[in-house]
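Trainee: Next up, query.txt (compact mmCIF, N, CA and C atoms).
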```
# COMPACT_ATOMS: atom_id res chain seq x y z
N MET A 1 1.41 -2.72 -2.22
CA MET A 1 2.81 -2.36 -2.18
C MET A 1 2.97 -0.91 -2.59
N ARG A 2 3.68 -0.17 -1.78
CA ARG A 2 3.88 1.25 -2.02
C ARG A 2 5.12 1.46 -2.88
N THR A 3 4.96 2.24 -3.95
CA THR A 3 6.07 2.50 -4.84
C THR A 3 6.47 3.97 -4.78
N THR A 4 7.55 4.28 -5.45
CA THR A 4 8.00 5.67 -5.53
C THR A 4 6.97 6.52 -6.25
N LEU A 5 6.30 5.93 -7.23
CA LEU A 5 5.25 6.64 -7.97
C LEU A 5 4.11 7.06 -7.04
N ASP A 6 3.69 6.16 -6.17
CA ASP A 6 2.62 6.48 -5.22
C ASP A 6 3.05 7.59 -4.27
N THR A 7 4.26 7.48 -3.77
CA THR A 7 4.76 8.48 -2.83
C THR A 7 4.88 9.84 -3.50
N THR A 8 5.38 9.87 -4.72
CA THR A 8 5.53 11.13 -5.44
C THR A 8 4.17 11.76 -5.73
N ALA A 9 3.20 10.96 -6.12
CA ALA A 9 1.86 11.47 -6.39
C ALA A 9 1.22 12.02 -5.12
N ALA A 10 1.36 11.30 -4.03
CA ALA A 10 0.79 11.77 -2.76
C ALA A 10 1.46 13.06 -2.32
N LEU A 11 2.77 13.13 -2.46
CA LEU A 11 3.50 14.33 -2.08
C LEU A 11 3.09 15.52 -2.96
N GLY A 12 2.87 15.26 -4.24
CA GLY A 12 2.41 16.32 -5.14
C GLY A 12 1.05 16.86 -4.74
N LEU A 13 0.16 15.97 -4.34
CA LEU A 13 -1.17 16.41 -3.90
C LEU A 13 -1.09 17.22 -2.61
N VAL A 14 -0.23 16.79 -1.70
CA VAL A 14 -0.07 17.52 -0.43
C VAL A 14 0.54 18.90 -0.68
N ILE A 15 1.59 18.94 -1.48
CA ILE A 15 2.23 20.23 -1.78
C ILE A 15 1.25 21.16 -2.49
N GLY A 16 0.49 20.61 -3.42
CA GLY A 16 -0.51 21.41 -4.12
C GLY A 16 -1.55 21.99 -3.18
N GLY A 17 -2.01 21.19 -2.26
CA GLY A 17 -2.99 21.69 -1.29
C GLY A 17 -2.43 22.76 -0.37
N ILE A 18 -1.24 22.54 0.11
CA ILE A 18 -0.62 23.50 1.04
C ILE A 18 -0.33 24.82 0.35
N PHE A 19 0.29 24.76 -0.83
CA PHE A 19 0.63 26.00 -1.52
C PHE A 19 -0.61 26.71 -2.06
N GLY A 20 -1.64 25.96 -2.42
CA GLY A 20 -2.88 26.58 -2.87
C GLY A 20 -3.55 27.37 -1.75
N LEU A 21 -3.61 26.76 -0.58
CA LEU A 21 -4.19 27.47 0.57
C LEU A 21 -3.34 28.65 0.98
N ALA A 22 -2.02 28.48 0.96
CA ALA A 22 -1.12 29.57 1.33
C ALA A 22 -1.28 30.74 0.37
N GLY A 23 -1.44 30.46 -0.91
CA GLY A 23 -1.63 31.52 -1.89
C GLY A 23 -2.92 32.29 -1.69
N THR A 24 -3.90 31.63 -1.14
CA THR A 24 -5.18 32.30 -0.89
C THR A 24 -5.07 33.35 0.21
N PHE A 25 -4.21 33.12 1.19
CA PHE A 25 -4.13 34.01 2.34
C PHE A 25 -3.03 35.05 2.24
N VAL A 26 -2.26 35.05 1.15
CA VAL A 26 -1.16 36.01 0.98
C VAL A 26 -1.69 37.29 0.35
N ALA A 27 -1.26 38.44 0.87
CA ALA A 27 -1.74 39.72 0.36
C ALA A 27 -0.94 40.19 -0.86
N SER A 28 0.31 39.81 -0.96
CA SER A 28 1.18 40.24 -2.04
C SER A 28 0.86 39.48 -3.33
N ALA A 29 0.56 40.22 -4.40
CA ALA A 29 0.19 39.59 -5.67
C ALA A 29 1.33 38.75 -6.27
N PRO A 30 2.57 39.25 -6.31
CA PRO A 30 3.63 38.41 -6.89
C PRO A 30 3.88 37.12 -6.11
N LEU A 31 3.81 37.18 -4.81
CA LEU A 31 3.99 35.99 -3.99
C LEU A 31 2.82 35.02 -4.19
N ARG A 32 1.62 35.56 -4.28
CA ARG A 32 0.44 34.73 -4.52
C ARG A 32 0.56 34.00 -5.86
N GLU A 33 1.03 34.71 -6.89
CA GLU A 33 1.21 34.08 -8.20
C GLU A 33 2.24 32.96 -8.14
N SER A 34 3.31 33.18 -7.40
CA SER A 34 4.35 32.15 -7.26
C SER A 34 3.82 30.92 -6.53
N LEU A 35 3.09 31.14 -5.46
CA LEU A 35 2.53 30.02 -4.70
C LEU A 35 1.52 29.25 -5.53
N TRP A 36 0.71 29.95 -6.29
CA TRP A 36 -0.28 29.28 -7.12
C TRP A 36 0.37 28.57 -8.30
N ALA A 37 1.51 29.08 -8.78
CA ALA A 37 2.23 28.40 -9.86
C ALA A 37 2.78 27.07 -9.35
N ILE A 38 3.36 27.08 -8.16
CA ILE A 38 3.87 25.84 -7.56
C ILE A 38 2.71 24.88 -7.31
N ASP A 39 1.60 25.42 -6.84
CA ASP A 39 0.39 24.63 -6.60
C ASP A 39 -0.07 23.95 -7.88
N GLY A 40 -0.16 24.70 -8.94
CA GLY A 40 -0.64 24.16 -10.21
C GLY A 40 0.28 23.08 -10.78
N VAL A 41 1.57 23.33 -10.73
CA VAL A 41 2.53 22.35 -11.27
C VAL A 41 2.48 21.06 -10.47
N SER A 42 2.46 21.17 -9.16
CA SER A 42 2.47 19.95 -8.35
C SER A 42 1.18 19.15 -8.51
N LEU A 43 0.04 19.82 -8.64
CA LEU A 43 -1.22 19.10 -8.86
C LEU A 43 -1.27 18.44 -10.23
N VAL A 44 -0.74 19.11 -11.23
CA VAL A 44 -0.72 18.52 -12.58
C VAL A 44 0.20 17.30 -12.61
N VAL A 45 1.37 17.40 -11.99
CA VAL A 45 2.29 16.27 -11.96
C VAL A 45 1.67 15.09 -11.21
N ALA A 46 1.07 15.37 -10.07
CA ALA A 46 0.46 14.29 -9.28
C ALA A 46 -0.69 13.65 -10.07
N THR A 47 -1.50 14.46 -10.73
CA THR A 47 -2.60 13.91 -11.51
C THR A 47 -2.10 13.09 -12.69
N ALA A 48 -1.05 13.55 -13.33
CA ALA A 48 -0.48 12.79 -14.46
C ALA A 48 0.07 11.45 -13.99
N LEU A 49 0.75 11.45 -12.85
CA LEU A 49 1.28 10.19 -12.32
C LEU A 49 0.16 9.22 -11.96
N LEU A 50 -0.89 9.71 -11.35
CA LEU A 50 -2.00 8.84 -10.99
C LEU A 50 -2.74 8.35 -12.23
N THR A 51 -2.83 9.19 -13.26
CA THR A 51 -3.46 8.77 -14.50
C THR A 51 -2.67 7.67 -15.18
N MET A 52 -1.36 7.79 -15.17
CA MET A 52 -0.52 6.76 -15.78
C MET A 52 -0.62 5.43 -15.00
N LYS A 53 -0.82 5.50 -13.70
CA LYS A 53 -0.91 4.29 -12.89
C LYS A 53 -2.25 3.58 -13.08
N TYR A 54 -3.34 4.36 -13.05
CA TYR A 54 -4.65 3.75 -13.09
C TYR A 54 -5.27 3.85 -14.46
```
Please rewrite the model in this file as structure tokens.

Mentor:
Amino acid sequence: MRTTLDTTAALGLVIGGIFGLAGTFVASAPLRESLWAIDGVSLVVATALLTMKY
């Protein structure tokens, strides 16, 4: 059974992956820092949610 927790964790992992890759290809340092900050927060949230579940 799929719950909101599962969906949120999956979405966090997807957002983290997308923004992490996007930050790698950006030439502007401030934009890269912003993308990597979003990447880091979403991965930490997703990992915390999965840790609480399992």

Trainee: Go ahead and find all residues with at least one atom no further than 9 Å from (3.8, 27.8, -2.6) in the file's coordinates, using only C-alpha atoms; report them as number ranges by chain.

Mentor: A: 15-16, 18-23, 31-39

Trainee: Could you tell me how far atom C of A:Leu5 lies from atom CA of A:Leu50, in Å and to one decimal?

Mentor: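 Rounded to one decimal, the two atoms are 7.5 Å apart.
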
Trainee: Just give me the gap between atom C of A:Gly40 and atom CA of A:Arg2 in Å, one decimal is fine.

Mentor: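 Calculated distance between atom C of A:Gly40 and atom CA of A:Arg2 is 23.8 Å.
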